[in-house]
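Coordinates from entry05.cif are shown below (mmCIF, C-alpha atoms).
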data_query
#
loop_
_atom_site.label_atom_id
_atom_site.label_comp_id
_atom_site.auth_asym_id
_atom_site.auth_seq_id
_atom_site.Cartn_x
_atom_site.Cartn_y
_atom_site.Cartn_z
CA MET G 1 79.37 -2.54 202.25
CA LEU G 2 79.57 -1.09 198.76
CA LEU G 3 76.68 0.82 197.19
CA ASN G 4 74.71 -0.51 194.25
CA ALA G 5 71.63 0.85 192.50
CA ASP G 6 69.15 -0.15 189.84
CA VAL G 7 69.62 2.31 186.99
CA GLY G 8 68.89 2.81 183.30
CA GLU G 9 65.19 2.63 184.14
CA GLY G 10 64.04 5.87 182.55
CA VAL G 11 64.57 7.99 185.64
CA SER G 12 66.49 11.18 184.92
CA ASN G 13 68.92 10.85 187.82
CA ASP G 14 71.49 8.37 186.48
CA GLU G 15 74.23 10.95 185.92
CA LEU G 16 73.84 12.18 189.52
CA LEU G 17 73.41 8.75 191.14
CA ILE G 18 75.98 6.54 189.43
CA PRO G 19 79.10 8.43 190.64
CA TYR G 20 78.29 7.31 194.21
CA LEU G 21 78.09 3.63 193.27
CA SER G 22 80.42 0.67 193.13
CA TYR G 23 77.91 -1.40 191.12
CA ALA G 24 75.32 -0.29 188.56
CA ASN G 25 72.50 -2.71 187.76
CA ILE G 26 71.28 -1.70 184.32
CA ALA G 27 67.77 -2.48 183.05
CA CYS G 28 67.96 -4.47 179.83
CA GLY G 29 64.51 -4.69 178.34
CA GLY G 30 62.23 -6.76 180.56
CA HIS G 31 60.74 -3.99 182.68
CA TYR G 32 62.51 -1.12 180.93
CA GLY G 33 65.34 -0.54 178.50
CA ASN G 34 66.66 -1.00 174.99
CA GLU G 35 70.00 -0.75 173.17
CA THR G 36 70.03 3.02 173.42
CA SER G 37 69.22 3.27 177.13
CA ILE G 38 71.71 0.53 177.98
CA ALA G 39 74.45 2.24 175.96
CA ASN G 40 73.75 5.63 177.50
CA THR G 41 73.85 4.21 181.04
CA LEU G 42 77.01 2.25 180.31
CA LYS G 43 78.72 5.46 179.17
CA ILE G 44 78.02 7.06 182.55
CA ALA G 45 79.17 3.98 184.44
CA VAL G 46 82.38 3.63 182.43
CA PHE G 47 83.20 7.31 182.91
CA ASN G 48 82.81 6.89 186.68
CA LYS G 49 84.66 3.53 186.79
CA VAL G 50 81.62 1.73 188.18
CA LYS G 51 81.24 -2.03 187.68
CA VAL G 52 78.18 -2.93 185.62
CA GLY G 53 75.67 -5.74 185.69
CA ALA G 54 72.54 -6.84 183.86
CA HIS G 55 69.22 -6.18 185.58
CA PRO G 56 66.71 -8.51 183.88
CA SER G 57 63.11 -9.09 184.93
CA TYR G 58 59.89 -10.71 183.93
CA PRO G 59 58.98 -9.45 180.44
CA ASP G 60 56.46 -6.99 181.84
CA ILE G 61 56.92 -3.34 180.99
CA GLU G 62 53.31 -2.55 181.93
CA ASN G 63 53.89 -3.43 185.61
CA PHE G 64 57.58 -2.42 185.66
CA GLY G 65 58.46 -6.03 186.45
CA ARG G 66 56.96 -5.79 189.94
CA LYS G 67 54.17 -8.32 189.44
CA SER G 68 54.63 -12.09 189.47
CA ILE G 69 53.74 -13.70 186.15
CA GLN G 70 52.69 -17.32 185.82
CA LEU G 71 54.75 -18.54 182.88
CA PRO G 72 56.76 -21.73 182.33
CA ARG G 73 60.27 -21.37 183.73
CA ALA G 74 61.77 -22.05 180.31
CA VAL G 75 59.79 -19.17 178.80
CA VAL G 76 60.80 -16.76 181.57
CA PHE G 77 64.48 -17.59 181.32
CA ASP G 78 64.52 -17.51 177.54
CA SER G 79 63.44 -13.89 178.00
CA VAL G 80 66.05 -13.34 180.72
CA LYS G 81 68.75 -14.76 178.45
CA GLN G 82 67.69 -12.41 175.62
CA GLN G 83 67.82 -9.47 178.02
CA ILE G 84 71.27 -10.37 179.33
CA ASN G 85 72.61 -10.97 175.83
CA LEU G 86 71.33 -7.54 174.78
CA PHE G 87 73.24 -6.08 177.70
CA VAL G 88 76.41 -8.09 176.96
CA ALA G 89 76.34 -6.92 173.33
CA GLN G 90 76.43 -3.31 174.51
CA CYS G 91 79.22 -4.12 176.98
CA ASP G 92 81.21 -5.54 174.08
CA ARG G 93 80.84 -2.21 172.25
CA PHE G 94 82.54 -0.50 175.19
CA LYS G 95 85.06 -3.33 175.65
CA ILE G 96 83.98 -3.91 179.23
CA LYS G 97 82.92 -7.03 181.10
CA MET G 98 79.56 -7.79 182.65
CA ASN G 99 80.47 -8.06 186.32
CA HIS G 100 77.20 -9.38 187.72
CA ILE G 101 73.55 -10.23 187.24
CA LYS G 102 70.85 -8.87 189.52
CA LEU G 103 67.28 -9.97 188.94
CA HIS G 104 64.63 -7.27 189.18
CA GLY G 105 61.45 -6.91 191.18
CA ALA G 106 59.02 -9.80 191.30
CA LEU G 107 61.44 -12.17 189.53
CA TYR G 108 64.10 -11.45 192.17
CA ASN G 109 61.62 -12.30 194.91
CA ASP G 110 60.15 -15.35 193.19
CA VAL G 111 63.56 -16.92 192.53
CA PHE G 112 65.22 -16.17 195.85
CA ASN G 113 62.23 -16.97 198.06
CA SER G 114 62.56 -20.56 196.84
CA GLU G 115 65.47 -22.84 197.71
CA GLU G 116 64.86 -24.91 194.57
CA TYR G 117 64.81 -21.88 192.27
CA THR G 118 67.82 -20.27 193.96
CA LYS G 119 69.99 -23.35 193.44
CA TRP G 120 68.72 -23.74 189.89
CA PHE G 121 69.42 -20.10 189.05
CA PHE G 122 73.03 -20.35 190.26
CA GLU G 123 73.51 -23.40 188.04
CA TRP G 124 71.81 -21.61 185.12
CA VAL G 125 74.14 -18.59 185.41
CA ASP G 126 77.19 -20.82 185.75
CA ASN G 127 76.20 -22.66 182.55
CA HIS G 128 75.40 -19.56 180.51
CA TYR G 129 77.54 -16.79 182.02
CA PRO G 130 80.46 -18.35 183.93
CA GLU G 131 82.59 -16.15 186.18
CA THR G 132 79.69 -13.73 186.67
CA TYR G 133 78.62 -12.65 190.15
CA ILE G 134 75.01 -13.00 191.27
CA PHE G 135 73.30 -10.54 193.60
CA ILE G 136 71.43 -12.47 196.27
CA PRO G 137 69.28 -11.31 199.22
CA ILE G 138 70.29 -12.14 202.77
CA ALA G 139 67.26 -14.42 203.25
CA ALA G 140 68.55 -16.81 200.56
CA ILE G 141 72.09 -17.31 201.84
CA SER G 142 71.23 -20.65 203.44
CA TYR G 143 69.98 -21.97 200.09
CA ILE G 144 73.36 -21.96 198.34
CA SER G 145 76.40 -24.18 198.73
CA THR G 146 79.83 -23.06 199.87
CA SER G 147 81.13 -23.23 196.30
CA GLN G 148 78.18 -21.18 195.00
CA ARG G 149 78.72 -18.57 197.67
CA LYS G 150 81.99 -17.62 195.96
CA SER G 151 79.99 -16.12 193.10
CA ALA G 152 77.37 -14.47 195.33
CA LEU G 153 77.23 -10.80 196.26
CA ILE G 154 74.95 -10.65 199.30
CA GLU G 155 72.87 -7.51 199.42
CA VAL G 156 70.57 -5.60 201.71
CA PHE G 157 68.21 -2.79 200.75
CA ALA G 158 68.63 0.73 202.05
CA ASP G 159 65.10 1.88 201.34
CA ARG G 160 63.03 -1.19 202.21
CA ASN G 161 61.66 -2.69 205.42
CA TYR G 162 62.18 -6.34 206.31
CA GLU G 163 59.98 -9.11 207.68
CA ASN G 164 61.18 -11.28 210.56
CA ASN G 165 62.36 -13.98 208.11
CA LEU G 166 64.53 -11.30 206.43
CA THR G 167 62.46 -11.16 203.27
CA LEU G 168 61.34 -7.75 202.04
CA VAL G 169 58.02 -6.39 203.19
CA ALA G 170 55.64 -6.62 200.23
CA ARG G 171 55.14 -3.39 198.31
CA SER G 172 51.41 -3.73 198.91
CA ASN G 173 52.16 -2.79 202.53
CA PRO G 174 52.29 1.01 202.93
CA LYS G 175 55.31 0.58 205.21
CA ALA G 176 57.33 -1.44 202.69
CA VAL G 177 59.38 1.53 201.45
CA LEU G 178 61.31 3.92 203.68
CA ASN G 179 60.66 7.49 202.55
CA SER G 180 62.85 9.56 204.87
CA VAL G 181 66.57 10.06 204.27
CA ASP G 182 67.22 10.20 208.02
CA GLU G 183 65.30 6.97 208.56
CA ILE G 184 67.22 5.26 205.77
CA VAL G 185 70.56 6.47 207.16
CA ARG G 186 69.69 5.00 210.58
CA HIS G 187 68.55 1.77 208.94
CA VAL G 188 71.78 1.33 206.97
CA SER G 189 74.12 2.61 209.70
CA CYS G 190 72.87 -0.17 211.97
CA MET G 191 73.60 -2.73 209.26
CA ILE G 192 77.09 -1.39 208.61
CA HIS G 193 78.27 -0.67 212.14
CA ASN G 194 76.36 -3.31 214.11
CA GLY G 195 75.58 -5.98 211.52
CA ARG G 196 71.90 -5.82 212.45
CA ILE G 197 68.52 -5.08 210.92
CA THR G 198 65.46 -4.04 212.88
CA THR G 199 62.47 -5.66 211.19
CA LEU G 200 59.12 -3.99 210.67
CA SER G 201 57.75 -5.70 213.78
CA GLY G 202 60.74 -4.57 215.87
CA GLU G 203 62.79 -7.77 216.00
CA ILE G 204 66.57 -7.37 215.70
CA LYS G 205 68.29 -9.71 213.27
CA THR G 206 72.00 -10.26 212.62
CA VAL G 207 73.03 -9.80 209.00
CA GLU G 208 76.16 -10.20 206.92
CA ALA G 209 76.12 -8.41 203.59
CA GLN G 210 78.58 -7.08 201.03
CA THR G 211 76.51 -4.45 199.27
CA VAL G 212 73.55 -2.19 199.95
CA CYS G 213 71.02 -1.33 197.25
CA ILE G 214 69.32 1.95 196.51
CA HIS G 215 66.37 1.82 194.13
CA GLY G 216 67.12 4.30 191.37
CA ASP G 217 63.44 5.17 191.00
CA HIS G 218 63.15 6.23 194.65
CA SER G 219 62.29 9.93 194.72
CA LEU G 220 65.21 10.57 197.12
CA ALA G 221 67.72 8.20 195.49
CA VAL G 222 70.49 10.76 194.92
CA SER G 223 70.19 12.24 198.43
CA ILE G 224 70.23 8.74 199.90
CA ALA G 225 73.34 7.82 197.92
CA GLU G 226 75.13 11.00 198.95
CA LYS G 227 74.47 10.34 202.65
CA LEU G 228 75.30 6.64 202.52
CA ALA G 229 78.53 7.22 200.63
CA THR G 230 79.68 9.36 203.55
CA ILE G 231 78.78 6.63 206.06
CA ILE G 232 80.53 3.90 204.09
CA GLU G 233 83.72 5.94 203.69
#
Rewrite the coordinates I just gave you, this time as structure tokens.
Amino acid sequence: MLLNADVGEGVSNDELLIPYLSYANIACGGHYGNETSIANTLKIAVFNKVKVGAHPSYPDIENFGRKSIQLPRAVVFDSVKQQINLFVAQCDRFKIKMNHIKLHGALYNDVFNSEEYTKWFFEWVDNHYPETYIFIPIAAISYISTSQRKSALIEVFADRNYENNLTLVARSNPKAVLNSVDEIVRHVSCMIHNGRITTLSGEIKTVEAQTVCIHGDHSLAVSIAEKLATIIE
């Protein structure tokens, strides 16, 4: 499993974190970001030969994109399209390709917790950004077709606990986020070496994933990346 992280979010650790990654998911204006922040993050990623993707969200800077917003789907995805196009324009400046799209926060959960929205989103990306990979959580694998799976990068989260249905524990739960490097290493090692996740309630679930995510705004993000890079090697 290759490491990815959400970056370009105003946290001052991008230069330290990105060298450990295979994929950088760069905020592009919905929850954080503008032309300057995208360009600065792209420079770091290009220097470290890290593949880059757009990290769009609900247009909600106030809540950092981590609150569901009741808006018409067309309105939400007009915003998402603007965010991605802003990111692609900066990629063009550096003559690099957008490798993937990873939705952020509440939008990620709202889309991929729904079979209807998951299928629709894959079709939407294929229509607007063909040959672009889509990051998808393990709980949504059953929602997509065999042909769609070819463009999916299935991810698990290093620093988050899981429910028994393999969705993420809500951030409103004080146990949603893992805050110990040792605990996170055990969590991810089990995924990598045994293909299993122990849920918050103690159930053991089999998983198959291609990439593991570190939240760039986690206070221990760089330490986590350093440890996990050693495990993955």
So, with all atoms listed in the file as the atoms that count, which of G:Leu107, G:Ile96, G:Ile232, G:Ile154 lies closest to Leu71 (chain G)?
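The answer is G:Leu107, which sits nearest to Leu71 (chain G).
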So what does the PyMOL selection byres ((chain G and resi 212) around 6) actually pick up in this one, as a VMD selection string?
chain G and resid 3 155 to 157 211 213
List the neighbours of Val177 (chain G) out to 12 Å using only C-alpha atoms; skip same-chain residues closer than 6 positions along the sequence, and give me the result as a list in words.
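Final neighbour list, sorted by chain and number: Phe157, Ala158, Asp159, Arg160, Asn161, Tyr162, Leu168, Val169, Ala170, Arg171, Glu183, Ile184, His187, Leu200, Ile214, His215, Asp217, His218, Ser219 and Leu220 of chain G.
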Minimum-distance residue to Lys119 (chain G), chosen among G:Asn99, G:Ser68, G:Ser57, G:Thr146 (using only C-alpha atoms):
G:Thr146
Picked residues, the PyMOL selection byres ((chain G and resi 78-95) around 8), expected as an NGL selection string
:G and (28-30 or 35 or 38-39 or 42 or 54-59 or 74-77 or 96-98)
Using the chain letters and numbers from this file, what does the PyMOL selection byres ((chain G and resi 113) around 12) select? Give the answer as a PyMOL selection string.
chain G and resi 106-112+114-119+121+136-143+165-168
Polymer residues at most 6 Å from region 47-53 of chain G, only C-alpha atoms, same-chain spacing of 2 or more positions, as a count of residues only:
11
Contacts of Gln148 (chain G) at 10 Å or less, counting only C-alpha atoms, minus same-chain residues fewer than 6 places along, as a list in words?
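That gives Lys119, Phe122, Glu123, Asp126, Tyr133, Ile134 and Ile141 of chain G.
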From CA of Ala5 (chain G) to CA of Val46 (chain G) the spacing works out at 15.0 Å
Would you compute an axis-aligned box for region 1-15 of chain G, covering every atom listed for it in the file with 4 Å of margin on each side, and report centre and edge lengths in Å to one decimal as lines of an AutoDock Vina configuration file?
center_x = 71.8
center_y = 4.3
center_z = 192.4
size_x = 23.5
size_y = 21.7
size_z = 27.7
Quick one: pull the distance between CA of Val185 (chain G) and CA of Gly65 (chain G), Å, one decimal.
27.0 Å
Could you tell me how far CA of Thr198 (chain G) lies from CA of Asn164 (chain G), in Å and to one decimal?
8.7 Å
Smallest atom-to-atom distance to Tyr20 (chain G): which of G:Ile231, G:Glu226, G:Lys175, G:His104, using only C-alpha atoms?
G:Glu226
Give as a short mmCIF file (atom, residue, chain, number, x, y, z; two decimals) with C-alpha atoms, in the frame of the given file every residue, naming chains and numbers as the document does, that has an atom within 9 Å of (62.7, 11.7, 199.8), counting all atoms listed in the file.
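Okay, this is what ended up in point_4.cif:
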data_model
loop_
_atom_site.label_atom_id
_atom_site.label_comp_id
_atom_site.auth_asym_id
_atom_site.auth_seq_id
_atom_site.Cartn_x
_atom_site.Cartn_y
_atom_site.Cartn_z
CA LEU G 178 61.31 3.92 203.68
CA ASN G 179 60.66 7.49 202.55
CA SER G 180 62.85 9.56 204.87
CA VAL G 181 66.57 10.06 204.27
CA HIS G 218 63.15 6.23 194.65
CA SER G 219 62.29 9.93 194.72
CA LEU G 220 65.21 10.57 197.12
CA ALA G 221 67.72 8.20 195.49
CA SER G 223 70.19 12.24 198.43
CA ILE G 224 70.23 8.74 199.90
#
Nearest candidate to Tyr129 (chain G) (options G:Ala209, G:Ile144, G:Ser172, G:Ser151; using all atoms listed in the file)
G:Ser151
